[in-house]
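Colleague: Have a look at this one before I ask anything.
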Amino acid sequence: MSRRNFIRQTGLAGVALTIGITLPDCANDKAGVVVNVSQSNGAVVGTELMSWISVDQSGIVHIVNHRSEMGQGTSQAIPQMIAEELEVTLDQVTLRSAPANSKKYGPQPSDGSFSVRGWRKQLLVAGASARQMLITAAAARWKVPVSECYARAGEVIHGPSGKKLGYGALVEEAAKLQPPQNVVLKERKDYTLIGKPMPRLDTPLKTNGSAIFGLDKKLPGMLYAVVERSPRFRGKVRSFDDSASLAIAGVKRVLKVQRPVFGAMYEGVAVVADTLWGAMQGRKALKVEWDDDGFDHLDSATLTARMLEGLKKPGVSEKFEAAYVKSAKKLEAIYETPYQSHSCMEPLNCIADVREDRIEIWGPIQEANWIQADLSDRMKMPAATIAVNMTFLGGGFGRKASPDYPYEAAWISKEMKAPVQVVWTREDDTTRGPFRTGSAYACRGGLDTGGDISAFQAITASQPFGEGTDRDDSPGPVSYNSGNISGLPVGYLQSIPHYSFGWCSVKSPIPTIWWRAPNAHSDSFACESFIDELAFAAGRDPLEFRRAHLPGVRYQALVDKLEIVSGWKGRGRNQGWGAAITECFGSKVGHIVKVAKKPDGKIKIEKVFAVMDCGWYVNPDIIRAQVEGSIVMGLGAAIKHEIRFKDGMAVEKNFDTYPMPRIHEIPEIEVHIMENDEAAGGVGEPGLPPFAPALCNAIFDLTGKRIRRLPFNLAQV
């Protein structure tokens, strides 16, 4: 054992200063404190608090990350925030993921780009409170005024004398103090960690192979399972023949299983073996007869027809219609986006160990509390007896927030009376859903005599998130950001005098769920493409047109930045330039895409300029990485990705027909971050929605061709 690890391990014994934010009021700015005393038997005396920090007698700071880490950077941003106010370096910090515990850690999902914007104040207060208590303890020992002392790099220093004490030497006295009630947080100008491009703590683990993802986790005596599932959604098991499967070496059992997809229970047949290879070979030998009666066996053409028909159903807004009719110039357009798979690089997997009195889960899970609550309800066991442990996630994008795959693993483990790891193949992951829903949009807009927007309407037809719907009778008007339409900058609604939004649910048995930047990713394609069409109809510069319709200092600064960094005013004749500005999860983002024709006449994306305004932020490197990743994902969604259906089954099954963007296809990406004192916004999702409309607008600028349906073949434009 290294000296550092020895200190970290032995430092956990004895007295520690443990501080966190009390629940259930997660908005409480007052930090609560508790002392944890580890006994020789490992028991802990005291109450652990949510988002807690523990400083042990060796001076090591132990921080719990209560949010899942799927690449978006919580394992860096959370300790970086706490370390800033606690006045320690990140070398003095250890980090571990929190297990499911809603009472102790509060909500634990990675969704809605909420980890920083939702928890910033609480985490900063916790760090500052611990720092102040350690300073107070040092001042008392030295018998000097607290005002003469300050903290730096894990030490308390007495200014006049230069005396120093490490945090470890002070935790016993500090743990006896009450936390300050009105702790003073640092001003931004005084930050030494926040706002700095610091290397991520998880990068070494992920590059040296020591990071534990779901597929890496192993337990003694663990079995492996793969599941044959109906190729049609909602298909039931009529019968199965497992004789050939059981003849394969290592196969232990073949059994019927279930998994809940929202309100529906999906059936399958699991093959369990002592190796993953054995289970997979057993599955290949399995013969299953499916009952596919009682639901539609749809194809993509039927789905598209239903969506287009649904656009006609929402009611009429009389005020909008009156303004639209009076407009000097009118425009209408239909846009379509496809169903898509999440296609995380790490397919779904989960380990379950179900005993008579407890359940333990390990896996790539986006929300541990949801899994714990679901298992408690379905397995009829108290939540306190169910441990859900989050590993690193190799991508999530909303799919790994669903409780279906952990429950399936728990079902099999209970039957086998042993720990079981269920592994989904790439084909399972791609074809079984839940998917991102396809959508259709009907946009109408009017311009006044001055070329400004006088009326704007967007009607959407799509599936709601869920197990699929048996009816499409939910047409009607909706408010903006209601969950049915989002992504458009709110500033447009301040400048456009008459606007209207509507939505219609589309009948389909296909299960759907969140996908990165839910709704905004496809809503923005339609709305920002249509804004561009209105700008062209008005005969105005597309970026200036947006500037004119986005009042407010923050929007104007964003447009200015886009114009400057891209060199918008100096764009050449043989290039296409497209702009799009979107807003979601508290952040405003603008993209400008530059395209040109190659010598063979095909279009090349030359460069993407992205400007992110997320207000207060932690680590600019994380922001740049998330925006770059969003653009790559947005590129795939725009020109490659579509799940089609034929006879009720997904057509695309693997990366040969559902290809990922390759590195040679990725354009140069330049990311700029706005500096302001606005509230913290999200980062992981807002960078995706502007890309597709900006790309399509650039192609129109170059070729005069409007693209209103995704995906499209860039080589054939």
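Note on naming: chains are A, B, ... as they come in the structure tokens, residues start from 1 per chain, ligands start from 1 in the order shown.
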Taking only stretch 606-658 of chain A into account, list the residues labelled alpha helix (DSSP H) by DSSP (computed from the backbone), as a list in words.

Modeller: Pro620, Asp621, Ile622, Ile623, Arg624, Ala625, Gln626, Val627, Glu628, Gly629, Ser630, Ile631, Val632, Met633, Gly634, Leu635, Gly636, Ala637, Ala638 and Ile639 of chain A

Colleague: Mind checking which residues fall within 7 Å of stretch 561-574 of chain A, counting only C-alpha atoms, ignoring those fewer than 6 positions away in the same chain, and posting them as a list in words?

Modeller: Gly590, Ala596, Phe609 and Val611 of chain A

Colleague: Atom CA of A:Ser454 to atom CA of A:Val325: how many Å, to one decimal?

Modeller: 10.2 Å

Colleague: Env of A:Pro403: 10 Å cut, atoms = only C-alpha atoms, seq-sep filter 3 positions within chain, self excluded. Answer as a list in words.

Modeller: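 Using only C-alpha atoms, the neighbours found are Arg259, Pro260, Val261, Phe262, Ile365, Gln366, Glu367, Ala368, Trp370, Ile371, Gln372, Ala373, Asp374, Leu375, Arg399, Lys400, Pro406, Tyr407 and Glu408 of chain A.
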
Colleague: What is the atom CA of A:Ile194-atom CA of A:Leu688 distance in Å, reported with one decimal?

Modeller: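 Interatomic distance, atom CA of A:Ile194 to atom CA of A:Leu688: 24.3 Å.
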
Colleague: What's the 7 Å shell around A:Val64, counting only C-alpha atoms, without same-chain residues fewer than 6 positions away, as a PyMOL selection string?

Modeller: chain A and resi 51-53+95-98

Colleague: Can you write out the residues you just picked, keeping N, CA and C atoms, as a PDB file, in the first residue's frame?

Modeller:
```
ATOM      1  N   SER A  51     -24.857  15.484   0.894  1.00  0.00           N
ATOM      2  CA  SER A  51     -23.763  16.238   0.273  1.00  0.00           C
ATOM      3  C   SER A  51     -22.648  16.483   1.276  1.00  0.00           C
ATOM      4  N   TRP A  52     -22.293  15.470   2.036  1.00  0.00           N
ATOM      5  CA  TRP A  52     -21.398  15.723   3.161  1.00  0.00           C
ATOM      6  C   TRP A  52     -19.933  15.709   2.799  1.00  0.00           C
ATOM      7  N   ILE A  53     -19.204  16.463   3.607  1.00  0.00           N
ATOM      8  CA  ILE A  53     -17.754  16.581   3.540  1.00  0.00           C
ATOM      9  C   ILE A  53     -17.230  16.065   4.873  1.00  0.00           C
ATOM     10  N   LEU A  95     -12.832  11.116  -3.388  1.00  0.00           N
ATOM     11  CA  LEU A  95     -14.229  11.210  -3.844  1.00  0.00           C
ATOM     12  C   LEU A  95     -14.796   9.815  -4.006  1.00  0.00           C
ATOM     13  N   ARG A  96     -16.030   9.630  -3.598  1.00  0.00           N
ATOM     14  CA  ARG A  96     -16.727   8.377  -3.867  1.00  0.00           C
ATOM     15  C   ARG A  96     -18.166   8.677  -4.250  1.00  0.00           C
ATOM     16  N   SER A  97     -18.769   7.757  -4.997  1.00  0.00           N
ATOM     17  CA  SER A  97     -20.161   7.925  -5.409  1.00  0.00           C
ATOM     18  C   SER A  97     -21.089   7.516  -4.276  1.00  0.00           C
ATOM     19  N   ALA A  98     -22.164   8.242  -4.137  1.00  0.00           N
ATOM     20  CA  ALA A  98     -23.129   7.943  -3.093  1.00  0.00           C
ATOM     21  C   ALA A  98     -24.057   6.827  -3.533  1.00  0.00           C
TER      22      ALA A  98
END
```

Colleague: Using backbone DSSP assignments, extract all strand (DSSP E or B) residues from stretch 112-328 of chain A; output them as number ranges by chain.

Modeller: A: 149-152, 155-158, 164-166, 213, 223-229, 232, 236-241, 251-261, 264-273, 287-291

Colleague: Using only C-alpha atoms, determine which residues lie at most 12 Å from A:His158, disregarding the query and same-chain residues fewer than 5 positions distant; provide the list as a count of residues only.

Modeller: 22

Colleague: Provide the atom CA of A:Ala458 to atom CA of A:Tyr499 distance in Å, to one decimal place.

Modeller: 8.4 Å

Colleague: Write out as a PyMOL selection string each polymer residue whose atoms come within 7 Å of A:Phe456, counting only C-alpha atoms; drop sequence neighbours fewer than 6 positions from it.

Modeller: chain A and resi 444-446+498-500

Colleague: Would you mind telling me which residue in A:Trp411, A:Trp290, A:Phe392, A:Phe465 lies nearest to A:Lys217 when using only C-alpha atoms?

Modeller: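 Nearest candidate to A:Lys217 out of A:Trp411, A:Trp290, A:Phe392, A:Phe465: A:Phe392.
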
Colleague: Taking into account only C-alpha atoms, which residue in the set A:Asp202, A:Glu187, A:Asp647, A:Asp656 is nearest to A:Gln76?

Modeller: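 Counting only C-alpha atoms, the residue closest to A:Gln76 is A:Asp202.
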
Colleague: Just checking: using only C-alpha atoms, which residue out of A:Thr430, A:Gln463, A:Ser58, A:Gln457 ends up closest to A:His342?

Modeller: A:Thr430

Colleague: Point out the residue among A:Thr18, A:Asn697, A:Thr203, A:Thr302 with the least atom-to-atom distance to A:Val171, counting only C-alpha atoms.

Modeller: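 Ranking A:Thr18, A:Asn697, A:Thr203, A:Thr302 by distance to A:Val171, first place goes to A:Thr18.
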
Colleague: Within 8 Å of stretch 505-515 of chain A, which residues of stretch 330-447 of chain A come that close, and what is the closest atom pair and distance in Å for each? Count only C-alpha atoms and give it as a tab-separated table.

Modeller:
```
residue	atom	partner	partner_atom	distance
A:His342	CA	A:Trp515	CA	6.8
A:Phe397	CA	A:Trp515	CA	5.4
A:Gly398	CA	A:Trp514	CA	5.0
A:Arg399	CA	A:Trp514	CA	6.8
A:Gly433	CA	A:Pro511	CA	6.2
A:Pro434	CA	A:Thr512	CA	4.4
A:Phe435	CA	A:Thr512	CA	4.6
A:Arg436	CA	A:Thr512	CA	5.6
A:Thr437	CA	A:Thr512	CA	5.7
```

Colleague: Kindly indicate which residue among A:Arg232, A:Lys312, A:Arg378, A:Lys329 lies nearest to A:Asp293, using only C-alpha atoms for the distances.

Modeller: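 Distance minimum relative to A:Asp293 lands on A:Arg232.
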